[in-house]
Each structure stands twice: as structure tokens, then as C-alpha cells.
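Have a look at data-v7.cif; it's mmCIF, C-alpha atoms:
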```cif
data_final
#
loop_
_atom_site.group_PDB
_atom_site.id
_atom_site.type_symbol
_atom_site.label_atom_id
_atom_site.label_comp_id
_atom_site.auth_asym_id
_atom_site.auth_seq_id
_atom_site.Cartn_x
_atom_site.Cartn_y
_atom_site.Cartn_z
ATOM 1 C CA MET A 1220 183.968 110.582 111.719
ATOM 2 C CA SER A 1221 183.775 106.814 111.108
ATOM 3 C CA SER A 1222 184.051 106.036 114.832
ATOM 4 C CA LYS A 1223 180.838 107.945 115.558
ATOM 5 C CA ILE A 1224 178.551 106.490 112.908
ATOM 6 C CA LYS A 1225 177.174 103.025 112.323
ATOM 7 C CA PRO A 1226 179.355 101.117 109.828
ATOM 8 C CA ILE A 1227 177.584 99.897 106.721
ATOM 9 C CA ASN A 1228 178.703 97.359 104.124
ATOM 10 C CA VAL A 1229 178.890 98.272 100.442
ATOM 11 C CA ILE A 1230 179.954 96.245 97.405
ATOM 12 C CA ILE A 1231 182.215 97.648 94.713
ATOM 13 C CA ILE A 1232 182.549 95.805 91.398
ATOM 14 C CA ASP A 1233 185.689 96.887 89.567
ATOM 15 C CA ASP A 1234 188.297 94.772 87.778
ATOM 16 C CA GLU A 1235 191.155 96.946 89.122
ATOM 17 C CA LYS A 1236 191.927 95.316 92.460
ATOM 18 C CA GLU A 1237 194.577 97.847 93.501
ATOM 19 C CA TYR A 1238 192.226 100.744 92.798
ATOM 20 C CA CYS A 1239 189.600 99.141 95.046
ATOM 21 C CA MET A 1240 192.144 98.870 97.838
ATOM 22 C CA THR A 1241 192.936 102.593 97.646
ATOM 23 C CA LEU A 1242 189.241 103.431 97.939
ATOM 24 C CA LYS A 1243 188.751 101.404 101.109
ATOM 25 C CA ASN A 1244 190.600 103.866 103.341
ATOM 26 C CA VAL A 1245 188.568 106.790 101.987
ATOM 27 C CA ALA A 1246 185.343 104.828 102.476
ATOM 28 C CA LYS A 1247 186.167 104.217 106.146
ATOM 29 C CA GLU A 1248 186.020 107.973 106.789
ATOM 30 C CA PHE A 1249 182.295 107.730 106.053
ATOM 31 C CA GLY A 1250 181.666 104.535 107.979
ATOM 32 C CA ILE A 1251 181.558 102.479 104.778
ATOM 33 C CA ILE A 1252 183.152 99.035 104.667
ATOM 34 C CA LEU A 1253 183.937 98.193 101.048
ATOM 35 C CA THR A 1254 183.982 94.611 99.800
ATOM 36 C CA ASP A 1255 185.430 94.406 96.300
ATOM 37 C CA PHE A 1256 184.686 91.974 93.496
ATOM 38 C CA GLN A 1257 186.352 91.951 90.114
ATOM 39 C CA ASN A 1258 183.426 90.703 88.026
ATOM 40 C CA LEU A 1259 179.655 90.955 87.805
ATOM 41 C CA GLU A 1260 178.868 87.333 88.635
ATOM 42 C CA ASN A 1261 180.767 87.188 91.928
ATOM 43 C CA GLY A 1262 179.629 90.626 93.029
ATOM 44 C CA PHE A 1263 175.948 90.044 92.447
ATOM 45 C CA GLN A 1264 176.069 86.556 93.902
ATOM 46 C CA ALA A 1265 177.260 88.165 97.148
ATOM 47 C CA LEU A 1266 174.521 90.802 96.951
ATOM 48 C CA GLU A 1267 171.864 88.128 96.450
ATOM 49 C CA GLU A 1268 173.123 85.898 99.262
ATOM 50 C CA SER A 1269 173.853 88.452 101.986
ATOM 51 C CA TYR A 1270 171.478 91.033 103.377
ATOM 52 C CA LYS A 1271 174.328 92.956 105.008
ATOM 53 C CA TYR A 1272 175.237 94.877 101.850
ATOM 54 C CA LYS A 1273 173.306 98.167 101.747
ATOM 55 C CA GLY A 1274 174.683 99.746 98.574
ATOM 56 C CA ILE A 1275 176.774 99.088 95.473
ATOM 57 C CA ILE A 1276 179.390 100.936 93.387
ATOM 58 C CA LEU A 1277 179.649 99.851 89.759
ATOM 59 C CA ASP A 1278 182.463 100.315 87.286
ATOM 60 C CA GLY A 1279 181.368 101.335 83.809
ATOM 61 C CA LYS A 1280 183.167 98.557 81.937
ATOM 62 C CA CYS A 1281 184.089 95.386 83.784
ATOM 63 C CA LEU A 1282 184.333 91.612 83.562
ATOM 64 C CA LEU A 1283 181.090 89.654 83.474
ATOM 65 C CA ASP A 1284 182.452 86.481 85.059
ATOM 66 C CA PRO A 1285 185.723 85.143 86.537
ATOM 67 C CA ASN A 1286 186.725 83.470 83.270
ATOM 68 C CA GLN A 1287 186.920 86.688 81.255
ATOM 69 C CA GLU A 1288 190.091 88.715 80.836
ATOM 70 C CA THR A 1289 188.788 91.773 78.981
ATOM 71 C CA PRO A 1290 186.249 94.248 80.428
ATOM 72 C CA ARG A 1291 182.959 94.310 78.515
ATOM 73 C CA ASP A 1292 180.964 97.354 77.395
ATOM 74 C CA VAL A 1293 177.708 95.547 78.195
ATOM 75 C CA PHE A 1294 178.680 95.220 81.861
ATOM 76 C CA ILE A 1295 176.796 98.266 83.080
ATOM 77 C CA THR A 1296 173.478 97.442 81.394
ATOM 78 C CA GLN A 1297 173.602 93.864 82.652
ATOM 79 C CA ALA A 1298 174.587 95.027 86.139
ATOM 80 C CA LEU A 1299 171.710 97.503 86.389
ATOM 81 C CA ARG A 1300 169.262 94.894 85.101
ATOM 82 C CA ARG A 1301 170.513 92.406 87.683
ATOM 83 C CA LEU A 1302 170.240 95.026 90.429
ATOM 84 C CA ASP A 1303 166.628 95.791 89.508
ATOM 85 C CA SER A 1304 165.797 92.096 89.673
ATOM 86 C CA ILE A 1305 167.365 91.653 93.128
ATOM 87 C CA GLN A 1306 165.575 94.702 94.496
ATOM 88 C CA MET A 1307 162.230 93.417 93.265
ATOM 89 C CA ILE A 1308 162.666 89.831 94.480
ATOM 90 C CA LYS A 1309 164.185 90.767 97.835
ATOM 91 C CA GLU A 1310 161.848 93.737 98.437
ATOM 92 C CA ARG A 1311 164.819 96.041 98.936
ATOM 93 C CA THR A 1312 166.084 99.443 97.873
ATOM 94 C CA ILE A 1313 169.832 99.207 97.221
ATOM 95 C CA PRO A 1314 171.364 102.578 96.268
ATOM 96 C CA ALA A 1315 173.854 102.347 93.406
ATOM 97 C CA ILE A 1316 176.328 104.720 91.804
ATOM 98 C CA ILE A 1317 178.515 104.507 88.711
ATOM 99 C CA ASN A 1318 182.238 105.171 89.133
ATOM 100 C CA SER A 1319 183.921 104.965 85.760
ATOM 101 C CA ALA A 1320 186.627 106.417 83.551
ATOM 102 C CA TYR A 1321 184.195 106.091 80.620
ATOM 103 C CA ILE A 1322 181.229 108.160 81.814
ATOM 104 C CA ASP A 1323 180.904 110.072 78.536
ATOM 105 C CA ASP A 1324 180.960 106.861 76.483
ATOM 106 C CA LEU A 1325 178.312 105.272 78.735
ATOM 107 C CA GLU A 1326 175.979 108.240 79.009
ATOM 108 C CA HIS A 1327 173.486 106.861 76.488
ATOM 109 C CA MET A 1328 173.208 103.606 78.479
ATOM 110 C CA LEU A 1329 172.591 105.121 81.905
ATOM 111 C CA PRO A 1330 169.233 105.998 83.446
ATOM 112 C CA ASP A 1331 168.816 109.636 84.435
ATOM 113 C CA ASP A 1332 168.302 108.886 88.124
ATOM 114 C CA ILE A 1333 171.623 107.166 88.820
ATOM 115 C CA GLN A 1334 174.536 109.242 90.116
ATOM 116 C CA ARG A 1335 177.808 108.940 88.224
ATOM 117 C CA TYR A 1336 181.379 109.896 89.115
ATOM 118 C CA ASP A 1337 184.572 110.128 87.090
ATOM 119 C CA LYS A 1338 186.905 107.425 88.313
ATOM 120 C CA GLY A 1339 189.605 108.721 90.619
ATOM 121 C CA LYS A 1340 187.925 112.097 91.156
ATOM 122 C CA ASN A 1341 185.764 113.368 94.021
ATOM 123 C CA ASN A 1342 186.019 110.150 96.008
ATOM 124 C CA LYS A 1343 184.961 111.795 99.270
ATOM 125 C CA GLU A 1344 181.967 113.411 97.613
ATOM 126 C CA MET A 1345 181.046 110.010 96.139
ATOM 127 C CA PHE A 1346 181.076 108.229 99.499
ATOM 128 C CA GLN A 1347 179.273 111.074 101.227
ATOM 129 C CA PHE A 1348 176.513 110.910 98.630
ATOM 130 C CA LEU A 1349 176.232 107.125 98.799
ATOM 131 C CA ARG A 1350 176.116 107.144 102.595
ATOM 132 C CA ALA A 1351 173.306 109.727 102.527
ATOM 133 C CA GLU A 1352 171.309 107.723 99.970
ATOM 134 C CA ILE A 1353 171.627 104.535 102.017
ATOM 135 C CA ASN A 1354 170.523 106.358 105.167
ATOM 136 C CA LYS A 1355 167.372 107.504 103.359
ATOM 137 C CA THR A 1356 166.167 103.976 102.595
ATOM 138 C CA GLU A 1357 163.300 102.534 104.601
ATOM 139 C CA GLU A 1358 165.486 99.545 105.415
ATOM 140 C CA MET A 1359 168.150 101.661 107.125
ATOM 141 C CA GLN A 1360 165.573 103.742 108.964
ATOM 142 C CA LEU A 1361 164.038 100.563 110.388
ATOM 143 C CA ILE A 1362 167.466 99.170 111.268
ATOM 144 C CA ASN A 1363 168.298 102.361 113.161
ATOM 145 C CA LYS A 1364 164.923 102.307 114.918
ATOM 146 C CA TYR A 1365 165.462 98.699 116.015
ATOM 147 C CA ALA A 1366 169.205 99.054 116.524
ATOM 148 C CA GLU A 1367 169.410 96.989 119.724
ATOM 149 C CA PRO A 1368 167.854 93.748 118.424
ATOM 150 C CA TYR A 1369 169.360 94.297 114.974
ATOM 151 C CA SER A 1370 172.869 94.299 116.455
ATOM 152 C CA ILE A 1371 172.833 90.472 116.519
ATOM 153 C CA PHE A 1372 172.775 90.479 112.720
ATOM 154 C CA GLU A 1373 175.646 92.953 112.567
ATOM 155 C CA SER A 1374 177.497 90.523 114.827
ATOM 156 C CA GLU A 1375 176.504 87.719 112.414
ATOM 157 C CA TYR A 1376 174.999 85.664 115.229
ATOM 158 C CA LEU A 1377 172.183 84.692 112.844
ATOM 159 C CA ASP A 1378 172.447 84.291 109.094
ATOM 160 C CA SER A 1379 171.342 86.599 106.313
ATOM 161 C CA ASN A 1380 168.027 84.836 105.643
ATOM 162 C CA VAL A 1381 166.954 85.389 109.250
ATOM 163 C CA GLU A 1382 168.072 89.010 109.001
ATOM 164 C CA ARG A 1383 165.847 89.443 105.973
ATOM 165 C CA ASP A 1384 162.893 87.847 107.799
ATOM 166 C CA PHE A 1385 163.354 90.279 110.687
ATOM 167 C CA VAL A 1386 163.598 93.412 108.528
ATOM 168 C CA VAL A 1387 160.697 92.408 106.260
ATOM 169 C CA THR A 1388 158.533 91.651 109.295
ATOM 170 C CA ILE A 1389 159.089 95.013 110.958
ATOM 171 C CA LYS A 1390 158.614 96.659 107.554
ATOM 172 C CA HIS A 1391 155.177 95.068 107.087
ATOM 173 C CA MET A 1392 153.994 94.752 110.687
ATOM 174 C CA ASN A 1393 151.438 97.564 110.295
ATOM 175 C CA ASN A 1394 149.784 95.914 107.291
ATOM 176 C CA ASN A 1395 146.304 94.691 108.186
ATOM 177 C CA ASP A 1396 145.557 92.357 105.274
ATOM 178 C CA SER A 1397 145.347 88.668 106.095
ATOM 179 C CA VAL A 1398 148.228 87.622 103.826
ATOM 180 C CA SER A 1399 150.658 90.080 105.443
ATOM 181 C CA ILE A 1400 149.522 89.088 108.929
ATOM 182 C CA ASN A 1401 150.010 85.366 108.261
ATOM 183 C CA ASN A 1402 153.373 85.946 106.580
ATOM 184 C CA ASN A 1403 154.593 88.125 109.461
ATOM 185 C CA LEU A 1404 153.562 85.559 112.052
ATOM 186 C CA ALA A 1405 155.162 82.726 110.076
ATOM 187 C CA ARG A 1406 158.439 84.652 109.798
ATOM 188 C CA MET A 1407 158.508 85.292 113.543
ATOM 189 C CA ARG A 1408 158.091 81.582 114.191
ATOM 190 C CA THR A 1409 161.032 80.908 111.846
ATOM 191 C CA ILE A 1410 163.188 83.460 113.693
ATOM 192 C CA ILE A 1411 162.574 81.808 117.082
ATOM 193 C CA GLU A 1412 163.451 78.420 115.584
ATOM 194 C CA ALA A 1413 166.635 79.943 114.125
ATOM 195 C CA VAL A 1414 167.619 81.268 117.575
ATOM 196 C CA TYR A 1415 167.375 77.790 119.096
ATOM 197 C CA LYS A 1416 169.189 76.180 116.167
ATOM 198 C CA LYS A 1417 172.070 78.592 116.669
ATOM 199 C CA MET A 1418 172.144 77.947 120.414
ATOM 200 C CA ASN A 1419 172.336 74.219 119.675
ATOM 201 C CA GLN A 1420 175.274 74.803 117.289
ATOM 202 C CA ILE A 1421 177.111 76.814 119.939
ATOM 203 C CA ASN A 1422 176.343 74.581 122.940
ATOM 204 C CA ASN A 1423 174.386 71.340 122.553
ATOM 205 C CA PHE A 1424 174.321 70.854 126.306
ATOM 206 C CA VAL A 1425 172.195 73.981 126.699
ATOM 207 C CA VAL A 1426 169.995 73.051 123.703
ATOM 208 C CA PRO A 1427 170.430 69.297 123.130
ATOM 209 C CA ASP A 1428 170.404 67.648 119.712
ATOM 210 C CA HIS A 1429 167.331 65.505 120.402
ATOM 211 C CA PHE A 1430 165.081 68.550 120.060
ATOM 212 C CA PHE A 1431 165.800 68.618 116.323
ATOM 213 C CA GLU A 1432 164.470 66.147 113.758
ATOM 214 C CA GLY A 1433 165.346 67.127 110.209
ATOM 215 C CA ASN A 1434 163.841 70.570 109.683
ATOM 216 C CA ASN A 1435 161.547 70.211 112.699
ATOM 217 C CA VAL A 1436 162.444 72.172 115.831
ATOM 218 C CA HIS A 1437 160.649 71.152 119.027
ATOM 219 C CA VAL A 1438 160.420 74.665 120.430
ATOM 220 C CA ARG A 1439 158.062 73.840 123.287
ATOM 221 C CA GLY A 1440 160.388 71.066 124.453
ATOM 222 C CA ILE A 1441 163.382 73.392 124.238
ATOM 223 C CA LYS A 1442 161.539 76.087 126.178
ATOM 224 C CA LYS A 1443 160.685 73.619 128.945
ATOM 225 C CA HIS A 1444 164.284 72.379 129.055
ATOM 226 C CA LEU A 1445 165.714 75.898 129.220
ATOM 227 C CA SER A 1446 163.240 76.727 131.990
ATOM 228 C CA GLY A 1447 164.596 73.940 134.209
ATOM 229 C CA ASN A 1448 162.129 71.181 133.236
ATOM 230 C CA PRO A 1449 159.541 72.200 135.838
ATOM 231 C CA GLU A 1450 157.377 69.487 137.418
ATOM 232 C CA LYS A 1451 154.756 69.491 140.145
ATOM 233 C CA ASN A 1452 155.864 68.006 143.436
ATOM 234 C CA LYS A 1453 153.687 66.076 145.903
ATOM 235 C CA ASN A 1454 152.428 69.384 147.306
ATOM 236 C CA ASP A 1455 151.184 70.361 143.840
ATOM 237 C CA LYS A 1456 153.850 73.067 143.503
ATOM 238 C CA TRP A 1457 156.016 73.601 140.445
ATOM 239 C CA ILE A 1458 159.704 72.927 140.997
ATOM 240 C CA THR A 1459 162.631 72.909 138.570
ATOM 241 C CA THR A 1460 164.459 69.622 138.041
ATOM 242 C CA SER A 1461 167.454 70.862 136.043
ATOM 243 C CA LYS A 1462 169.521 73.982 135.452
ATOM 244 C CA ILE A 1463 167.629 77.094 134.348
ATOM 245 C CA PHE A 1464 168.963 78.890 131.250
ATOM 246 C CA HIS A 1465 165.940 81.046 130.367
ATOM 247 C CA PRO A 1466 165.082 84.054 132.483
ATOM 248 C CA ARG A 1467 161.455 83.796 133.541
ATOM 249 C CA TYR A 1468 160.330 86.658 131.310
ATOM 250 C CA ILE A 1469 161.961 85.105 128.228
ATOM 251 C CA GLU A 1470 160.213 81.803 128.947
ATOM 252 C CA LYS A 1471 156.864 83.607 128.996
ATOM 253 C CA LEU A 1472 157.615 85.644 125.873
ATOM 254 C CA VAL A 1473 158.718 82.586 123.872
ATOM 255 C CA ASP A 1474 155.606 80.745 125.010
ATOM 256 C CA THR A 1475 153.336 83.562 123.862
ATOM 257 C CA VAL A 1476 155.055 84.417 120.584
ATOM 258 C CA TYR A 1477 155.547 80.828 119.476
ATOM 259 C CA SER A 1478 152.003 79.797 120.417
ATOM 260 C CA VAL A 1479 150.442 82.703 118.515
ATOM 261 C CA THR A 1480 152.710 82.391 115.475
ATOM 262 C CA SER A 1481 152.250 78.616 115.302
ATOM 263 C CA ASP A 1482 148.468 78.673 115.702
ATOM 264 C CA GLU A 1483 147.735 81.703 113.544
ATOM 265 C CA GLY A 1484 150.703 81.925 111.177
ATOM 266 C CA SER A 1485 150.305 78.465 109.678
ATOM 267 C CA HIS A 1486 146.656 78.592 108.634
ATOM 268 C CA HIS A 1487 143.790 80.957 107.868
ATOM 269 C CA SER A 1488 140.897 81.149 110.288
ATOM 270 C CA GLU A 1489 137.646 83.076 110.482
ATOM 271 C CA ASN A 1490 138.800 84.841 113.641
ATOM 272 C CA GLN A 1491 141.924 86.299 112.088
ATOM 273 C CA PRO A 1492 144.152 88.367 114.408
ATOM 274 C CA SER A 1493 144.816 91.963 113.406
ATOM 275 C CA ARG A 1494 148.027 93.893 112.894
ATOM 276 C CA PHE A 1495 148.042 94.685 116.615
ATOM 277 C CA THR A 1496 148.765 91.021 117.343
ATOM 278 C CA VAL A 1497 151.718 91.238 114.960
ATOM 279 C CA ILE A 1498 152.999 94.484 116.517
ATOM 280 C CA SER A 1499 152.701 93.077 120.043
ATOM 281 C CA ASN A 1500 154.593 89.938 119.102
ATOM 282 C CA VAL A 1501 157.288 91.885 117.214
ATOM 283 C CA ASN A 1502 158.077 93.744 120.433
ATOM 284 C CA SER A 1503 158.227 90.461 122.340
ATOM 285 C CA LEU A 1504 160.404 88.942 119.633
ATOM 286 C CA CYS A 1505 162.820 91.873 119.960
ATOM 287 C CA GLU A 1506 163.190 91.100 123.678
ATOM 288 C CA ILE A 1507 163.919 87.451 122.857
ATOM 289 C CA ILE A 1508 166.514 88.435 120.260
ATOM 290 C CA ILE A 1509 168.213 90.882 122.643
ATOM 291 C CA TRP A 1510 168.425 88.151 125.310
ATOM 292 C CA PHE A 1511 169.835 85.737 122.715
ATOM 293 C CA GLY A 1512 172.526 88.276 121.760
ATOM 294 C CA LYS A 1513 173.573 88.600 125.394
ATOM 295 C CA TRP A 1514 173.649 84.807 125.738
ATOM 296 C CA MET A 1515 175.871 84.581 122.661
ATOM 297 C CA ASP A 1516 178.213 87.189 124.145
ATOM 298 C CA GLU A 1517 178.484 85.074 127.298
ATOM 299 C CA GLN A 1518 179.606 82.074 125.240
ATOM 300 C CA ASN A 1519 182.729 84.062 124.330
ATOM 301 C CA THR A 1520 181.466 84.201 120.772
ATOM 302 C CA PRO A 1521 183.473 86.997 119.112
ATOM 303 C CA ARG A 1522 181.315 89.783 117.768
ATOM 304 C CA ASN A 1523 181.964 90.747 114.170
ATOM 305 C CA ASN A 1524 183.066 94.365 114.342
ATOM 306 C CA SER A 1525 183.163 94.988 110.600
#
```

Please, can you express the file's structure as C-alpha cells?
Amino acid sequence: MSSKIKPINVIIIDDEKEYCMTLKNVAKEFGIILTDFQNLENGFQALEESYKYKGIILDGKCLLDPNQETPRDVFITQALRRLDSIQMIKERTIPAIINSAYIDDLEHMLPDDIQRYDKGKNNKEMFQFLRAEINKTEEMQLINKYAEPYSIFESEYLDSNVERDFVVTIKHMNNNDSVSINNNLARMRTIIEAVYKKMNQINNFVVPDHFFEGNNVHVRGIKKHLSGNPEKNKNDKWITTSKIFHPRYIEKLVDTVYSVTSDEGSHHSENQPSRFTVISNVNSLCEIIIWFGKWMDEQNTPRNNS
């Protein structure tokens, strides 16, 4: 079963390390890759910092931080409060379930809408339910719809902040209010800059260091360089003067997307573009990202298959 479905990453917070290890093999049957943490602080730090985690399994009583030795009864209320905060700040829906040996003792603390399981029982049913809940989220539906460009994030070719920018942009690209339009355009500009930063990290001959000054990325200079530094000859014809790294269509797409997102995403104007400008540029951005993923593959960069 797991070989036929897209793998998804899920956090489990449980102070019993060996128990977590036994669950991992069961989780794999449902395409779930479990990452275990033994306390609230470490687990939620990972959830806050990485967009790759799509769900979470919570023990009922657990350690609050790495310095504690005894599980705390207040763990579950603090964990659910922390989860609510992350979902609100990150604009995400992160399905959660409770897996505890103390379900009856905790019943008065748990909201009605959260699924609970007795620890050590019905593990397959638990993972099947969690997988289904994750698949229902808008985030996963968008990821599946844009599976080809999104694959670069599954390969960890770009970091979690860029992944979030991509998902949030496609989530809001149909919004027609000026704030959403400007934010979407600004995020797309950031994604293109992140692509070139990563290319520079991988091969600074292809994208040389001098195109970067602090946080400033000279995208137009990089585009010209990757396009073979074209110049007009004495016959007034454009010729390349160095090696070409960009396909012609990528050069044109970068030029369009970056020009629009730089001119319109950084300030408000009376002649504000509509959502159709955002949608058009999202499609172009997807082409750029797909090309970037292929370029990364050619650099013998190992894809993360987790």
C-alpha cells in the first residue's frame, strides 16, 4: 500500500521512545513517515520550523521539555493550545489525534472534535483515520494538484519557508483584494530569489557570488548571465558571449514573473493588477520551479526520498 501513495510526514510526541519505534513500521503501511519527539518543546519546535509535517499524534501525559523526567498531566492541554496557535499563525490545518493509555482520565480535558485512541490498540485504524484527515485538508489537496512543482520541496531542494510561501500563494491566488494580490506577488518574487540563492550554493560558477549583496539578489543580472550574456554584434544582432544555462522559455518566464512581481508586488498603485495576473504568474512560476528541480537533479543532488 505505502509504495502506491504519496508519503507524508507526521510528528508523534510520546516519552516512550521504544513504543514510537514500534509504531513506525505500522505507519509505513499507510504512507506515513513518523518522526518522534519525547517532549512538547522539541516536538512543537519542529512543527513550527518545518512545513513538511502534515499531522501530529499526541500522548495524553508527556514531558513538557527535555529537562523533565516525569510526564505531566497538563501536557495535553498545553499541546492543544500550542497547536491552535501554530495553525492560526501559519494559516494551516494540522490534523491531530490523541493516543494515550489515560483516555478516561483525560476525557474532561479533551475537545469533542478530536479523535482519541487507547494506546497500543487499533494502531492500523488510527493511522488510516489520520491519513484520511490529512488528505481532506486544503493544503494536501493543493499539494496533490500541484504535485510536479511541489516535488522540489519533498526533495528538500528549497527550505520550509519557501515551501510555505508557495503553498500560501496557490491557496490565495484567486483572492481579488489588493492586499492578497500584493502579498502573492511579493511571495513569488521571494521564491525566484530563493531558487537563484540555492543554485549559487550548489554551483557558484553557474550563479556567481557577485550577484548577491547581503539580502539583495540581482535577479536581472543572474538571468542575463544564465542566458549567455547576450550582446548585439556589429550587425545589430543578438549573440551570446558565454555558456547558456537557461532554456529560452525559462529566461522569458523569469523576466515576466520577476518584472511583474517586482513592479506590482512591492507597492500599491492606482492601476492594480487583478487575480488573473497572479494566476498567470503562478503557472509561470511552476514552470520555473520544475526546471529548477531538473537542474538540481543534474547536479547529482540526492533527492530526499523520505

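Near segment 1241-1243 of chain A, within 6 Å and counting only C-alpha atoms, sit Tyr1238, Ala1246 and Leu1253 of chain A, not including residues fewer than 3 positions from it in the same chain.
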
Output check: residues returned by the PyMOL selection byres ((chain A and resi 1400) around 9), as a ChimeraX atom specification:
/A:1391-1399,1401-1405,1483-1484,1491-1494,1496-1497

Care to translate the PyMOL selection byres ((chain A and resi 1441-1445) around 8) into actual residues of this file, as a PyMOL selection string?
chain A and resi 1415+1425-1426+1430+1437-1440+1446-1449+1461-1465+1470+1473-1474

Nearby residues, (174.2, 85.7, 123.8) file frame, 12 Å, only C-alpha atoms, as a VMD selection string
chain A and resid 1368 1370 to 1371 1374 to 1377 1414 to 1415 1417 to 1418 1421 to 1422 1464 to 1465 1507 to 1522

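You can rank A:Cys1239, A:Ile1231, A:Met1359, A:Ala1413 by their closest distance to Ile1317 of chain A using all atoms listed in the file, and at the top of that list sits A:Ile1231.
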
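Nearest to Val1386 of chain A of all the residues A:Phe1294, A:Phe1256, A:Phe1249, A:Tyr1365 is A:Tyr1365, counting all atoms listed in the file.
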
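Taking atom CA of Thr1312 of chain A and atom CA of Ile1411 of chain A as endpoints, the distance between them is 26.3 Å.
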
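Residues lying within 12 Å of Ala1351 of chain A, counting only C-alpha atoms and ignoring same-chain neighbours fewer than 3 positions away, are Ile1227, Phe1249, Gly1250, Ile1251, Lys1273, Gly1274, Pro1314, Ala1315, Glu1344, Met1345, Phe1346, Gln1347, Phe1348, Asn1354, Lys1355, Thr1356, Met1359 and Gln1360 of chain A.
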
Just to be explicit: take each residue in the selection above, keep C-alpha atoms, and write the result as a PDB file, keeping the file's coordinate frame.
```
ATOM      1  CA  ILE A1227     177.584  99.897 106.721  1.00  0.00           C
ATOM      2  CA  PHE A1249     182.295 107.730 106.053  1.00  0.00           C
ATOM      3  CA  GLY A1250     181.666 104.535 107.979  1.00  0.00           C
ATOM      4  CA  ILE A1251     181.558 102.479 104.778  1.00  0.00           C
ATOM      5  CA  LYS A1273     173.306  98.167 101.747  1.00  0.00           C
ATOM      6  CA  GLY A1274     174.683  99.746  98.574  1.00  0.00           C
ATOM      7  CA  PRO A1314     171.364 102.578  96.268  1.00  0.00           C
ATOM      8  CA  ALA A1315     173.854 102.347  93.406  1.00  0.00           C
ATOM      9  CA  GLU A1344     181.967 113.411  97.613  1.00  0.00           C
ATOM     10  CA  MET A1345     181.046 110.010  96.139  1.00  0.00           C
ATOM     11  CA  PHE A1346     181.076 108.229  99.499  1.00  0.00           C
ATOM     12  CA  GLN A1347     179.273 111.074 101.227  1.00  0.00           C
ATOM     13  CA  PHE A1348     176.513 110.910  98.630  1.00  0.00           C
ATOM     14  CA  ASN A1354     170.523 106.358 105.167  1.00  0.00           C
ATOM     15  CA  LYS A1355     167.372 107.504 103.359  1.00  0.00           C
ATOM     16  CA  THR A1356     166.167 103.976 102.595  1.00  0.00           C
ATOM     17  CA  MET A1359     168.150 101.661 107.125  1.00  0.00           C
ATOM     18  CA  GLN A1360     165.573 103.742 108.964  1.00  0.00           C
TER      19      GLN A1360
END
```

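Take atom CA of Lys1416 of chain A and atom CA of Leu1504 of chain A: the distance between them is 15.9 Å.
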
Would you kindly translate the PyMOL selection byres ((chain A and resi 1329) around 12) into the concrete residues it picks from this file, as a ChimeraX atom specification?
/A:1277,1279,1293-1300,1315-1317,1319,1321-1328,1330-1335

Emit the selected residues as a compact mmCIF listing (two decimals), in the coordinates of the input, including C-alpha atoms.
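Saved file selection.txt follows:
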```txt
# COMPACT_ATOMS: atom_id res chain seq x y z
CA LEU A 1277 179.65 99.85 89.76
CA GLY A 1279 181.37 101.34 83.81
CA VAL A 1293 177.71 95.55 78.19
CA PHE A 1294 178.68 95.22 81.86
CA ILE A 1295 176.80 98.27 83.08
CA THR A 1296 173.48 97.44 81.39
CA GLN A 1297 173.60 93.86 82.65
CA ALA A 1298 174.59 95.03 86.14
CA LEU A 1299 171.71 97.50 86.39
CA ARG A 1300 169.26 94.89 85.10
CA ALA A 1315 173.85 102.35 93.41
CA ILE A 1316 176.33 104.72 91.80
CA ILE A 1317 178.52 104.51 88.71
CA SER A 1319 183.92 104.96 85.76
CA TYR A 1321 184.20 106.09 80.62
CA ILE A 1322 181.23 108.16 81.81
CA ASP A 1323 180.90 110.07 78.54
CA ASP A 1324 180.96 106.86 76.48
CA LEU A 1325 178.31 105.27 78.74
CA GLU A 1326 175.98 108.24 79.01
CA HIS A 1327 173.49 106.86 76.49
CA MET A 1328 173.21 103.61 78.48
CA PRO A 1330 169.23 106.00 83.45
CA ASP A 1331 168.82 109.64 84.44
CA ASP A 1332 168.30 108.89 88.12
CA ILE A 1333 171.62 107.17 88.82
CA GLN A 1334 174.54 109.24 90.12
CA ARG A 1335 177.81 108.94 88.22
```

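Closest to Glu1412 of chain A among A:Ile1498, A:Ser1481, A:Pro1226, A:Lys1271 is A:Ser1481, based on all atoms listed in the file.
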
Counting only C-alpha atoms, the residue of A:Phe1431, A:Phe1424, A:Tyr1477, A:Ile1353 that sits nearest Met1407 of chain A
A:Tyr1477

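In this comparison, which uses all atoms listed in the file, the residue of A:Asn1363, A:Arg1291, A:Ala1265, A:Arg1350 approaching Ile1252 of chain A most closely is A:Arg1350.
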